[in-house]
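Next comes structure20.txt, with compact mmCIF, C-alpha atoms (C1' of nucleotides).
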# COMPACT_ATOMS: atom_id res chain seq x y z
CA MET A 9 250.68 90.27 -50.66
CA PRO A 10 250.23 93.63 -48.92
CA ASN A 11 253.34 95.59 -48.04
CA ARG A 12 253.81 95.20 -44.25
CA ARG A 13 256.05 97.69 -42.43
CA ARG A 14 257.39 97.26 -38.91
CA LYS A 15 254.73 99.54 -37.51
CA PRO A 16 251.86 99.39 -39.91
CA TYR A 17 249.30 102.10 -39.46
CA HIS A 18 246.62 99.53 -40.12
CA HIS A 19 246.74 96.31 -38.24
CA GLY A 20 246.55 93.19 -40.37
CA ASP A 21 243.39 91.76 -38.93
CA LEU A 22 242.73 93.42 -35.63
CA ARG A 23 239.34 91.89 -35.15
CA ALA A 24 240.66 88.35 -35.25
CA ALA A 25 243.69 89.30 -33.18
CA LEU A 26 241.40 90.76 -30.52
CA ILE A 27 239.34 87.59 -30.26
CA ASP A 28 242.49 85.47 -30.16
CA GLY A 29 244.20 87.61 -27.59
CA ALA A 30 241.12 87.97 -25.44
CA ALA A 31 240.66 84.22 -25.35
CA THR A 32 244.27 83.79 -24.28
CA LEU A 33 244.18 86.49 -21.63
CA ILE A 34 240.86 85.31 -20.25
CA ALA A 35 242.11 81.73 -20.09
CA GLU A 36 245.13 82.96 -18.16
CA ARG A 37 243.66 85.47 -15.73
CA GLY A 38 239.91 84.99 -15.90
CA GLU A 39 237.32 87.35 -17.31
CA ARG A 40 237.19 89.53 -14.22
CA ARG A 41 240.83 90.50 -14.52
CA PHE A 42 240.76 90.88 -18.27
CA SER A 43 240.80 94.38 -19.67
CA LEU A 44 240.43 95.73 -23.15
CA ALA A 45 243.17 98.22 -22.36
CA GLU A 46 245.74 95.58 -21.55
CA LEU A 47 244.77 93.54 -24.57
CA SER A 48 245.16 96.58 -26.80
CA ARG A 49 248.61 97.27 -25.36
CA SER A 50 249.72 93.69 -25.97
CA LEU A 51 248.65 94.01 -29.59
CA GLY A 52 250.41 97.33 -30.07
CA VAL A 53 247.28 99.40 -30.68
CA THR A 54 245.65 102.09 -28.60
CA ALA A 55 242.76 101.43 -26.30
CA ALA A 56 240.36 103.07 -28.71
CA ALA A 57 241.16 100.81 -31.64
CA PRO A 58 238.99 97.84 -30.58
CA TYR A 59 235.91 100.02 -30.71
CA ARG A 60 236.08 100.05 -34.50
CA HIS A 61 235.45 96.30 -34.38
CA PHE A 62 233.31 95.77 -31.29
CA ALA A 63 230.66 98.08 -29.87
CA ASP A 64 231.84 97.45 -26.32
CA ARG A 65 233.65 95.01 -24.09
CA ASP A 66 230.66 92.69 -23.91
CA GLU A 67 230.54 92.32 -27.64
CA LEU A 68 234.12 91.10 -27.70
CA LEU A 69 233.36 88.72 -24.85
CA ALA A 70 230.40 87.42 -26.82
CA ALA A 71 232.67 86.71 -29.76
CA VAL A 72 235.07 84.81 -27.53
CA ALA A 73 232.17 82.91 -25.98
CA LEU A 74 230.90 82.00 -29.43
CA ARG A 75 234.22 80.50 -30.32
CA ALA A 76 234.40 78.70 -26.97
CA LEU A 77 230.99 77.17 -27.62
CA GLN A 78 232.21 75.82 -30.94
CA ALA A 79 235.24 74.25 -29.26
CA PHE A 80 232.87 72.88 -26.63
CA ALA A 81 230.68 71.23 -29.25
CA ASP A 82 233.78 69.77 -30.90
CA ALA A 83 234.95 68.34 -27.59
CA LEU A 84 231.59 66.66 -27.02
CA ALA A 85 231.64 65.20 -30.50
CA ALA A 86 235.21 63.99 -30.12
CA GLY A 87 234.42 62.33 -26.79
CA SER A 88 231.82 59.99 -28.22
CA SER A 89 231.90 57.79 -31.27
CA GLU A 90 228.93 57.66 -33.59
CA SER A 91 228.83 53.88 -33.60
CA ASP A 92 228.51 53.47 -29.84
CA PRO A 93 225.17 52.48 -28.32
CA PRO A 94 223.25 55.57 -27.22
CA GLU A 95 223.71 54.89 -23.52
CA GLN A 96 227.48 54.81 -23.87
CA LYS A 97 227.47 57.81 -26.18
CA LEU A 98 225.56 59.89 -23.64
CA ALA A 99 227.83 58.84 -20.79
CA ALA A 100 230.87 59.74 -22.89
CA MET A 101 229.41 63.15 -23.74
CA ALA A 102 228.74 63.86 -20.08
CA ALA A 103 232.33 62.95 -19.24
CA ALA A 104 233.60 65.12 -22.10
CA TYR A 105 231.43 67.96 -20.81
CA VAL A 106 233.19 67.80 -17.48
CA ARG A 107 236.63 67.46 -19.04
CA PHE A 108 236.11 70.49 -21.24
CA ALA A 109 235.07 72.60 -18.27
CA ALA A 110 238.06 71.43 -16.27
CA GLY A 111 240.43 72.03 -19.14
CA GLN A 112 239.15 75.49 -20.02
CA PRO A 113 237.54 76.73 -16.82
CA ALA A 114 237.70 80.41 -17.68
CA LEU A 115 236.18 79.95 -21.13
CA PHE A 116 233.58 77.56 -19.77
CA GLY A 117 232.72 80.11 -17.10
CA LEU A 118 232.60 82.88 -19.67
CA VAL A 119 229.97 81.08 -21.72
CA PHE A 120 227.65 80.71 -18.75
CA GLY A 121 228.50 83.95 -16.98
CA LEU A 122 227.73 86.40 -19.71
CA GLY A 123 224.66 88.06 -18.27
CA VAL A 124 221.15 87.65 -19.62
CA ASP A 125 221.16 90.89 -21.56
CA THR A 126 224.30 89.94 -23.48
CA LYS A 127 222.98 86.50 -24.33
CA GLN A 128 219.83 88.00 -25.72
CA ARG A 129 221.68 90.64 -27.72
CA TYR A 130 223.59 87.98 -29.66
CA PRO A 131 221.32 85.29 -31.06
CA GLU A 132 224.33 83.47 -32.54
CA LEU A 133 225.26 82.63 -28.97
CA ARG A 134 221.93 81.00 -28.30
CA GLN A 135 222.20 79.19 -31.59
CA ALA A 136 225.66 77.85 -30.78
CA TYR A 137 224.43 76.76 -27.39
CA GLN A 138 221.49 74.97 -28.92
CA ASN A 139 223.89 73.10 -31.16
CA VAL A 140 225.51 71.68 -28.04
CA GLU A 141 222.16 70.74 -26.58
CA ALA A 142 221.14 69.13 -29.86
CA MET A 143 224.00 66.66 -29.57
CA LEU A 144 222.70 65.44 -26.24
CA GLU A 145 219.14 65.40 -27.49
CA ALA A 146 220.09 63.27 -30.47
CA GLY A 147 221.51 60.61 -28.20
CA VAL A 148 218.46 60.68 -25.98
CA ALA A 149 216.07 60.47 -28.91
CA GLU A 150 217.90 57.39 -30.13
CA LEU A 151 217.57 55.83 -26.70
CA CYS A 152 213.91 56.71 -26.30
CA ALA A 153 212.76 55.82 -29.79
CA ASP A 154 209.97 53.72 -28.29
CA ASP A 155 208.82 56.37 -25.81
CA PRO A 156 209.27 59.88 -27.25
CA ASP A 157 207.59 61.60 -24.28
CA ALA A 158 210.36 60.42 -21.99
CA ALA A 159 213.06 62.04 -24.10
CA ALA A 160 212.80 65.67 -23.03
CA PRO A 161 212.96 65.16 -19.25
CA LEU A 162 215.79 62.66 -19.61
CA GLY A 163 217.74 65.01 -21.85
CA ASP A 164 217.29 67.84 -19.37
CA ALA A 165 218.40 65.64 -16.51
CA ILE A 166 221.53 64.44 -18.28
CA GLU A 167 222.41 67.97 -19.31
CA ALA A 168 221.84 69.30 -15.80
CA THR A 169 223.88 66.54 -14.22
CA ALA A 170 226.83 66.96 -16.55
CA HIS A 171 226.66 70.71 -16.06
CA GLY A 172 226.47 70.34 -12.31
CA TYR A 173 229.59 68.21 -12.09
CA ALA A 174 231.36 70.63 -14.42
CA ALA A 175 230.25 73.78 -12.61
CA LEU A 176 231.00 72.47 -9.13
CA LEU A 177 234.42 71.42 -10.33
CA THR A 178 235.28 74.85 -11.69
CA ASP A 179 233.29 77.11 -9.35
CA GLY A 180 233.16 75.02 -6.21
CA PRO A 181 235.08 75.80 -3.06
CA GLU A 182 237.95 73.42 -3.78
CA THR A 183 240.68 73.77 -6.35
CA PRO A 184 240.52 70.62 -8.45
CA VAL A 185 243.59 68.47 -8.94
CA PRO A 186 243.88 66.05 -11.88
CA ALA A 187 242.48 63.19 -9.83
CA ASP A 188 239.38 65.25 -9.05
CA ILE A 189 238.85 65.84 -12.74
CA ASP A 190 239.13 62.18 -13.60
CA ARG A 191 236.78 61.24 -10.81
CA ALA A 192 234.21 63.91 -11.70
CA ALA A 193 234.27 62.93 -15.37
CA ALA A 194 233.81 59.25 -14.50
CA GLN A 195 231.03 60.09 -12.05
CA ALA A 196 229.25 62.23 -14.63
CA GLY A 197 229.31 59.26 -16.98
CA ASN A 198 228.05 56.91 -14.28
CA ALA A 199 225.34 59.33 -13.21
CA THR A 200 224.19 59.50 -16.80
CA ARG A 201 223.79 55.72 -16.79
CA ALA A 202 222.02 55.90 -13.45
CA LEU A 203 219.56 58.47 -14.80
CA ILE A 204 218.90 56.27 -17.81
CA GLN A 205 218.34 53.24 -15.60
CA GLY A 206 216.07 55.09 -13.21
CA ARG A 207 214.36 57.22 -15.82
CA THR A 208 210.86 56.03 -14.93
CA ALA A 209 211.08 58.49 -12.01
CA LEU A 210 211.53 61.35 -14.49
CA ARG A 211 208.04 61.18 -15.93
CA PRO A 212 206.23 64.50 -15.32
CA THR A 213 203.24 63.12 -13.40
CA ASP A 214 205.15 60.06 -12.17
CA MET B 11 219.74 105.85 22.93
CA PRO B 12 222.70 107.62 21.34
CA ASN B 13 222.21 111.22 20.32
CA ARG B 14 222.11 111.15 16.52
CA ARG B 15 222.66 114.39 14.63
CA ARG B 16 221.90 114.90 10.99
CA LYS B 17 225.50 114.30 10.02
CA PRO B 18 227.10 112.17 12.67
CA TYR B 19 230.80 111.82 12.19
CA HIS B 20 230.70 108.15 13.01
CA HIS B 21 228.34 105.85 11.26
CA GLY B 22 226.36 103.68 13.65
CA ASP B 23 227.47 100.29 12.43
CA LEU B 24 229.07 100.74 9.06
CA ARG B 25 230.31 97.19 8.74
CA ALA B 26 226.84 95.69 9.04
CA ALA B 27 225.35 98.43 6.86
CA LEU B 28 227.89 97.66 4.15
CA ILE B 29 227.04 93.96 4.12
CA ASP B 30 223.32 94.74 4.13
CA GLY B 31 223.56 97.33 1.41
CA ALA B 32 225.88 95.25 -0.73
CA ALA B 33 223.50 92.30 -0.55
CA THR B 34 220.63 94.53 -1.62
CA LEU B 35 222.51 96.22 -4.44
CA ILE B 36 223.92 92.94 -5.73
CA ALA B 37 220.49 91.33 -5.65
CA GLU B 38 219.15 94.27 -7.66
CA ARG B 39 221.84 94.85 -10.25
CA GLY B 40 224.14 91.85 -10.04
CA GLU B 41 227.69 91.72 -8.79
CA ARG B 42 229.19 93.01 -12.01
CA ARG B 43 227.37 96.29 -11.78
CA PHE B 44 227.86 96.69 -8.07
CA SER B 45 230.44 99.22 -6.90
CA LEU B 46 231.84 100.05 -3.50
CA ALA B 47 231.72 103.71 -4.46
CA GLU B 48 228.01 103.70 -5.12
CA LEU B 49 227.33 101.74 -1.96
CA SER B 50 229.37 104.23 0.07
CA ARG B 51 227.44 107.12 -1.44
CA SER B 52 224.11 105.52 -0.60
CA LEU B 53 225.25 105.13 3.01
CA GLY B 54 226.45 108.72 3.23
CA VAL B 55 230.12 107.91 3.74
CA THR B 56 233.13 108.50 1.55
CA ALA B 57 234.51 105.84 -0.73
CA ALA B 58 237.46 105.28 1.57
CA ALA B 59 235.38 104.48 4.64
CA PRO B 60 234.69 100.81 3.82
CA TYR B 61 238.41 100.12 3.94
CA ARG B 62 238.31 100.47 7.70
CA HIS B 63 236.16 97.31 7.75
CA PHE B 64 237.17 95.31 4.69
CA ALA B 65 240.58 94.93 3.17
CA ASP B 66 239.19 95.19 -0.36
CA ARG B 67 236.12 94.72 -2.46
CA ASP B 68 236.50 90.95 -2.48
CA GLU B 69 236.45 90.78 1.29
CA LEU B 70 233.09 92.52 1.38
CA LEU B 71 231.80 90.19 -1.32
CA ALA B 72 232.99 87.25 0.75
CA ALA B 73 231.01 88.52 3.73
CA VAL B 74 227.90 88.81 1.58
CA ALA B 75 228.49 85.33 0.19
CA LEU B 76 228.84 83.94 3.69
CA ARG B 77 225.49 85.34 4.62
CA ALA B 78 223.96 84.04 1.39
CA LEU B 79 225.26 80.56 2.18
CA GLN B 80 223.53 80.66 5.55
CA ALA B 81 220.26 81.64 3.90
CA PHE B 82 220.84 78.85 1.39
CA ALA B 83 221.26 76.28 4.14
CA ASP B 84 218.10 77.55 5.81
CA ALA B 85 216.17 77.22 2.57
CA LEU B 86 217.29 73.63 2.15
CA ALA B 87 216.32 72.82 5.71
CA ALA B 88 212.94 74.51 5.32
CA GLY B 89 212.23 72.60 2.10
CA SER B 90 212.41 69.17 3.71
CA SER B 91 210.86 67.87 6.89
CA GLU B 92 212.91 65.76 9.25
CA SER B 93 210.28 63.07 9.48
CA ASP B 94 210.09 62.34 5.77
CA PRO B 95 211.68 59.20 4.36
CA PRO B 96 215.21 59.93 3.12
CA GLU B 97 214.29 59.57 -0.52
CA GLN B 98 211.62 62.22 -0.25
CA LYS B 99 213.84 64.42 1.87
CA LEU B 100 216.59 64.38 -0.73
CA ALA B 101 214.18 65.13 -3.56
CA ALA B 102 212.75 68.03 -1.58
CA MET B 103 216.22 69.42 -0.90
CA ALA B 104 217.10 69.25 -4.58
CA ALA B 105 213.92 71.14 -5.43
CA ALA B 106 214.66 73.71 -2.71
CA TYR B 107 218.18 74.07 -4.11
CA VAL B 108 216.73 75.06 -7.47
CA ARG B 109 214.13 77.35 -5.95
CA PHE B 110 216.71 79.21 -3.91
CA ALA B 111 218.86 79.79 -6.97
CA ALA B 112 215.88 81.02 -8.96
CA GLY B 113 214.71 83.28 -6.16
CA GLN B 114 218.12 84.82 -5.44
CA PRO B 115 220.03 84.40 -8.68
CA ALA B 116 222.57 87.13 -8.01
CA LEU B 117 223.41 85.89 -4.52
CA PHE B 118 223.49 82.29 -5.72
CA GLY B 119 225.84 83.32 -8.51
CA LEU B 120 227.98 85.30 -6.11
CA VAL B 121 228.57 82.26 -3.92
CA PHE B 122 229.85 80.19 -6.83
CA GLY B 123 231.50 82.96 -8.80
CA LEU B 124 233.88 84.27 -6.21
CA GLY B 125 237.16 83.11 -7.68
CA VAL B 126 239.35 80.39 -6.27
CA ASP B 127 241.73 82.77 -4.53
CA THR B 128 238.93 84.45 -2.60
CA LYS B 129 237.42 81.16 -1.51
CA GLN B 130 240.73 80.02 -0.17
CA ARG B 131 241.40 83.28 1.64
CA TYR B 132 238.24 82.90 3.72
CA PRO B 133 237.93 79.46 5.31
CA GLU B 134 234.58 80.43 6.84
CA LEU B 135 233.22 80.33 3.32
CA ARG B 136 234.36 76.76 2.81
CA GLN B 137 232.95 75.87 6.20
CA ALA B 138 229.57 77.39 5.39
CA TYR B 139 229.53 75.55 2.10
CA GLN B 140 230.36 72.29 3.80
CA ASN B 141 227.39 72.83 6.08
CA VAL B 142 225.17 72.83 3.02
CA GLU B 143 226.79 69.70 1.68
CA ALA B 144 226.43 68.02 5.07
CA MET B 145 222.65 68.31 4.85
CA LEU B 146 222.60 66.36 1.62
CA GLU B 147 225.11 63.86 2.94
CA ALA B 148 223.00 63.19 6.01
CA GLY B 149 220.03 62.23 3.88
CA VAL B 150 222.17 60.00 1.71
CA ALA B 151 223.75 58.30 4.71
CA GLU B 152 220.32 57.51 6.05
CA LEU B 153 219.34 56.01 2.73
CA CYS B 154 222.53 53.98 2.33
CA ALA B 155 222.77 52.72 5.89
CA ASP B 156 223.17 49.18 4.57
CA ASP B 157 225.79 50.08 1.97
CA PRO B 158 228.04 52.92 3.21
CA ASP B 159 230.39 52.76 0.20
CA ALA B 160 227.56 53.79 -2.08
CA ALA B 161 226.87 56.97 -0.13
CA ALA B 162 229.61 59.27 -1.38
CA PRO B 163 229.04 58.84 -5.14
CA LEU B 164 225.28 59.13 -4.70
CA GLY B 165 225.65 62.28 -2.64
CA ASP B 166 227.93 63.80 -5.24
CA ALA B 167 225.51 62.90 -8.01
CA ILE B 168 222.51 64.41 -6.24
CA GLU B 169 224.43 67.56 -5.43
CA ALA B 170 225.71 67.88 -8.98
CA THR B 171 222.26 67.34 -10.46
CA ALA B 172 220.57 69.87 -8.23
CA HIS B 173 223.34 72.33 -8.91
CA GLY B 174 223.12 71.74 -12.63
CA TYR B 175 219.40 72.47 -12.80
CA ALA B 176 219.96 75.55 -10.66
CA ALA B 177 222.94 76.87 -12.59
CA LEU B 178 221.39 76.30 -16.01
CA LEU B 179 218.27 78.07 -14.84
CA THR B 180 220.15 81.16 -13.67
CA ASP B 181 223.09 81.19 -16.11
CA GLY B 182 221.60 79.47 -19.12
CA PRO B 183 220.76 81.22 -22.35
CA GLU B 184 217.07 81.66 -21.57
CA THR B 185 215.46 84.00 -19.08
CA PRO B 186 213.39 81.81 -16.80
CA VAL B 187 209.71 82.50 -16.25
CA PRO B 188 207.85 81.18 -13.17
CA ALA B 189 206.74 78.07 -15.04
CA ASP B 190 210.37 77.26 -15.87
CA ILE B 191 211.27 77.47 -12.22
CA ASP B 192 208.48 75.16 -11.15
CA ARG B 193 209.37 72.69 -13.85
CA ALA B 194 213.09 72.76 -13.05
CA ALA B 195 212.45 72.30 -9.34
CA ALA B 196 210.14 69.37 -10.00
CA GLN B 197 212.61 67.83 -12.43
CA ALA B 198 215.44 68.19 -9.95
CA GLY B 199 213.35 66.27 -7.43
CA ASN B 200 212.49 63.61 -9.98
CA ALA B 201 216.08 63.31 -11.12
CA THR B 202 217.09 62.79 -7.52
CA ARG B 203 214.68 59.87 -7.32
CA ALA B 204 215.96 58.54 -10.62
CA LEU B 205 219.55 58.64 -9.37
CA ILE B 206 218.52 56.80 -6.22
CA GLN B 207 216.70 54.17 -8.23
CA GLY B 208 219.53 53.69 -10.68
CA ARG B 209 222.33 54.09 -8.15
CA THR B 210 223.90 50.72 -8.90
CA ALA B 211 225.42 52.45 -11.95
CA LEU B 212 227.22 54.90 -9.67
CA ARG B 213 229.58 52.37 -8.12
CA PRO B 214 233.22 53.35 -8.84
CA THR B 215 234.35 50.16 -10.56
CA ASP B 216 230.86 49.17 -11.68
C1' DG C 16 239.82 103.25 16.00
C1' DT C 17 236.53 105.54 12.48
C1' DC C 18 235.79 108.52 9.06
C1' DT C 19 237.04 112.59 5.66
C1' DA C 20 239.80 114.58 2.12
C1' DT C 21 242.72 114.00 -1.38
C1' DA C 22 245.31 111.96 -4.92
C1' DT C 23 246.81 108.16 -8.04
C1' DC C 24 246.13 104.85 -11.37
C1' DC C 25 243.44 101.99 -14.43
C1' DC C 26 239.60 101.15 -17.21
C1' DG C 27 235.67 101.79 -20.52
C1' DA C 28 234.01 104.76 -23.73
C1' DT C 29 233.47 108.86 -27.07
C1' DA C 30 234.88 112.67 -30.41
C1' DG C 31 237.54 114.27 -33.84
C1' DA C 32 242.05 114.36 -36.35
C1' DC C 33 244.79 111.80 -39.90
C1' DG D 29 240.94 101.96 -39.27
C1' DT D 30 243.74 103.84 -36.15
C1' DC D 31 245.51 107.64 -33.07
C1' DT D 32 245.19 111.54 -29.78
C1' DA D 33 242.78 113.66 -26.39
C1' DT D 34 239.58 113.51 -22.99
C1' DC D 35 235.71 112.40 -19.76
C1' DG D 36 233.63 109.92 -16.00
C1' DG D 37 233.88 106.29 -12.75
C1' DG D 38 235.84 103.03 -9.79
C1' DA D 39 239.41 100.81 -6.62
C1' DT D 40 242.78 101.91 -3.48
C1' DA D 41 246.59 104.30 -0.56
C1' DT D 42 247.72 107.95 2.58
C1' DA D 43 247.36 111.78 5.75
C1' DG D 44 244.83 114.01 9.00
C1' DA D 45 240.43 115.31 11.77
C1' DC D 46 237.74 113.57 15.53
Kindly return the structure encoded in the file as structure tokens.
Amino acid sequence: MPNRRRKPYHHGDLRAALIDGAATLIAERGERRFSLAELSRSLGVTAAAPYRHFADRDELLAAVALRALQAFADALAAGSSESDPPEQKLAAMAAAYVRFAAGQPALFGLVFGLGVDTKQRYPELRQAYQNVEAMLEAGVAELCADDPDAAAPLGDAIEATAHGYAALLTDGPETPVPADIDRAAAQAGNATRALIQGRTALRPTD
Amino acid sequence: MPNRRRKPYHHGDLRAALIDGAATLIAERGERRFSLAELSRSLGVTAAAPYRHFADRDELLAAVALRALQAFADALAAGSSESDPPEQKLAAMAAAYVRFAAGQPALFGLVFGLGVDTKQRYPELRQAYQNVEAMLEAGVAELCADDPDAAAPLGDAIEATAHGYAALLTDGPETPVPADIDRAAAQAGNATRALIQGRTALRPTD
DNA sequence: GTCTATATCCCGATAGAC
DNA sequence: GTCTATCGGGATATAGAC
């Protein structure tokens, strides 16, 4: 093992520590009130040090968002069991979508608030996001095995509905209390079932 | 008319000019890249002048958001005609919701990105938002005249779905092109119809 | 009461030393 | 890979001119 002094000139793994610390600070205070300078101070390095590991603030944010997206995908997977019928699986994923947003509002907001330019600069972000979408699409494909053309609009609708409940809960004008979260998650699940039931209205030409 | 010199000591109506200019700058560059200092420069006043009219940056943003919410309500009203059947009215409002977000992404994002503290400091904001919600609720009440208990969950679901399409369009990982906007608006309308059709699944206890 | 002038503090970012 | 030094910009507070 390397010989660690009390004040090592080289930090052990600053890059990882920055991502960790940024995620914590952002979760606490929100991205707007997060600063690289404060993070550097809390890690015992100067404000210039992070720039050896990230080109700018946005690149660090992108790394945090990437990790948040992986946790998001895990939460969706954990919320639904593989053996459930597709309808139930989709409803459970929608509810898990809402619960993740409510549980990690700042990280959820970070993922979707990054700015178009940033998202396009880091293709891994798009990839990670598409992994999330693929989970929903898999459930929809299973459900629409007989009618593949209906799958895409239904998947979009379920995704939009889950996202809407989640976004209104975290960004809406009211501060959610636990009961609001439970209700929104349940409603997102119910709305998913309603969309599935009424899906004939989703056909492009109707 | 007042005698205006080249460099009048008092600005004509700085408060209104600040709201106007902030709305323009935010629409152009986004809220993140908007600064009070630059706005002040463009209006020919010093950076301290705005503080005679707004306590801080957030208070100016709140004023811009308030105005954006009024435009939002107008767009929803303009998108649906009073004489239409409620189902069609609701679908049209959902589509208008998406179109407004796509047409004014920065202002739409400002309204929902203000931070909980700010929203609670300015009750007019909550009021203006509730006016928007009331338009959707009125359509739902008309539709559910026979079954008033079904109204609230259906209204929430329609609002969430419209918001989800809108938010994913503006904050999602892809930059929307006109065709995306048309498709999303149409899908939001169709999803509204699907929710109405399948609304039995929305009942709390089911 | 409205604006200017000034001054402070924080932040993001860069250049060059070690 | 990190530090020191430094620049430019932005948000505010205060004091004073009008």
What's around region 16-27 of chain C at 8 Å? Count all atoms listed in the file, leave out sequence neighbours fewer than 6 positions away in its own chain, and write the answer as a list in words.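 Contacts, with the query itself left out: Ser43, Ala45 and Arg65 of chain A; Tyr19, His20, Val55, Thr56, Ala59 and Arg62 of chain B; DA45 of chain D.
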I'd like a table as CSV: residues in chain B with an atom no more than 12 Å from chain C, each row giving the shortest atom pair and its distance in Å to one decimal, only C-alpha atoms (C1' of nucleotides) counted, sorted by chain and rising residue number.
residue,atom,partner,partner_atom,distance
B:Lys17,CA,C:DC18,C1',11.8
B:Pro18,CA,C:DC18,C1',10.1
B:Tyr19,CA,C:DC18,C1',6.8
B:His20,CA,C:DT17,C1',6.4
B:His21,CA,C:DC18,C1',8.2
B:Gly22,CA,C:DT17,C1',10.4
B:Asp23,CA,C:DT17,C1',10.5
B:Leu24,CA,C:DT17,C1',9.5
B:Arg25,CA,C:DT17,C1',11.1
B:Ser50,CA,C:DC18,C1',11.9
B:Gly54,CA,C:DC18,C1',11.0
B:Val55,CA,C:DC18,C1',7.8
B:Thr56,CA,C:DT19,C1',7.0
B:Ala57,CA,C:DT19,C1',9.6
B:Ala58,CA,C:DC18,C1',8.3
B:Ala59,CA,C:DC18,C1',6.0
B:Pro60,CA,C:DC18,C1',9.4
B:Tyr61,CA,C:DC18,C1',10.2
B:Arg62,CA,C:DT17,C1',7.2
B:His63,CA,C:DT17,C1',9.5
With C-alpha atoms retained, write the just-selected residues as a CSV table (one decimal), keeping the file's coordinate frame.
chain,number,residue,atom,x,y,z
B,17,LYS,CA,225.5,114.3,10.0
B,18,PRO,CA,227.1,112.2,12.7
B,19,TYR,CA,230.8,111.8,12.2
B,20,HIS,CA,230.7,108.2,13.0
B,21,HIS,CA,228.3,105.8,11.3
B,22,GLY,CA,226.4,103.7,13.6
B,23,ASP,CA,227.5,100.3,12.4
B,24,LEU,CA,229.1,100.7,9.1
B,25,ARG,CA,230.3,97.2,8.7
B,50,SER,CA,229.4,104.2,0.1
B,54,GLY,CA,226.4,108.7,3.2
B,55,VAL,CA,230.1,107.9,3.7
B,56,THR,CA,233.1,108.5,1.6
B,57,ALA,CA,234.5,105.8,-0.7
B,58,ALA,CA,237.5,105.3,1.6
B,59,ALA,CA,235.4,104.5,4.6
B,60,PRO,CA,234.7,100.8,3.8
B,61,TYR,CA,238.4,100.1,3.9
B,62,ARG,CA,238.3,100.5,7.7
B,63,HIS,CA,236.2,97.3,7.8
Within 9 Å of chain B: residues of chain D, using all atoms listed in the file, as a PDB file with C-alpha atoms (C1' of nucleotides), keeping the file's coordinate frame:
ATOM      1  C1'  DG D  37     233.880 106.290 -12.750  1.00  0.00           C
ATOM      2  C1'  DG D  38     235.840 103.030  -9.790  1.00  0.00           C
ATOM      3  C1'  DA D  39     239.410 100.810  -6.620  1.00  0.00           C
ATOM      4  C1'  DT D  40     242.780 101.910  -3.480  1.00  0.00           C
ATOM      5  C1'  DC D  46     237.740 113.570  15.530  1.00  0.00           C
TER       6       DC D  46
END
Please report as a tab-separated table every residue of chain A lying within 8 Å of chain B, along with the nearest atom pair and their distance in Å (one decimal), using all atoms listed in the file.
residue	atom	partner	partner_atom	distance
A:Phe120	CA	B:Asp181	CA	5.3
A:Gly121	CA	B:Asp181	CA	6.1
A:Leu122	CA	B:Asp181	CA	7.9
A:Gly123	CA	B:Asp181	CA	7.4
A:Val124	CA	B:Thr185	CA	6.8
A:Lys127	CA	B:Pro183	CA	6.1
A:Gln128	CA	B:Pro183	CA	7.6
A:Arg134	CA	B:Pro183	CA	6.1
A:Tyr137	CA	B:Pro183	CA	7.7
A:Pro161	CA	B:Gln197	CA	7.3
A:Ala165	CA	B:Ala201	CA	6.3
A:Glu167	CA	B:Gly174	CA	7.7
A:Ala168	CA	B:Gly174	CA	4.2
A:Thr169	CA	B:Thr171	CA	4.2
A:Ala170	CA	B:Gly174	CA	7.2
A:His171	CA	B:Gly174	CA	5.0
A:Gly172	CA	B:Gly174	CA	3.6
A:Tyr173	CA	B:Ala170	CA	5.0
A:Ala175	CA	B:Gly174	CA	7.4
A:Leu176	CA	B:Ala170	CA	7.0
A:Asp179	CA	B:Phe122	CA	5.3
A:Gly180	CA	B:Phe122	CA	6.2
A:Pro181	CA	B:Arg136	CA	6.0
A:Glu182	CA	B:Val126	CA	7.5
A:Thr183	CA	B:Val126	CA	6.8
A:Gln195	CA	B:Leu212	CA	6.9
A:Ala196	CA	B:Ala167	CA	7.6
A:Asn198	CA	B:Leu212	CA	5.1
A:Ala199	CA	B:Leu212	CA	6.0
A:Arg201	CA	B:Ala211	CA	6.1
A:Ala202	CA	B:Gly208	CA	4.3
A:Leu203	CA	B:Leu205	CA	5.4
A:Ile204	CA	B:Gly208	CA	7.6
A:Gln205	CA	B:Gly208	CA	5.1
A:Gly206	CA	B:Ala204	CA	4.3
A:Arg207	CA	B:Ala204	CA	5.6
A:Thr208	CA	B:Ala204	CA	7.1
A:Ala209	CA	B:Ala204	CA	5.1
A:Leu210	CA	B:Asn200	CA	5.1
A:Arg211	CA	B:Asn200	CA	7.8
A:Pro212	CA	B:Gln197	CA	7.8
Interatomic distance (Å, one decimal) between CA of Thr34 (chain B) and CA of Glu69 (chain B): 16.5 Å
Å distance separating CA of Val108 (chain B) from CA of Ala26 (chain B), one decimal place: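 Straight-line distance from CA of Val108 (chain B) to CA of Ala26 (chain B) works out to 28.3 Å.
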Atom pair CA of Ala71 (chain A) / CA of Glu145 (chain A): separation (Å): 25.3 Å
Please return the centre and edge lengths, in Å to one decimal, of a box with edges along x, y and z that contains all listed atoms of region 22-26 of chain C, widened by 5 Å on every side, as AutoDock Vina command-line options.
--center_x 243.2 --center_y 106.6 --center_z -11.1 --size_x 17.2 --size_y 20.8 --size_z 22.3
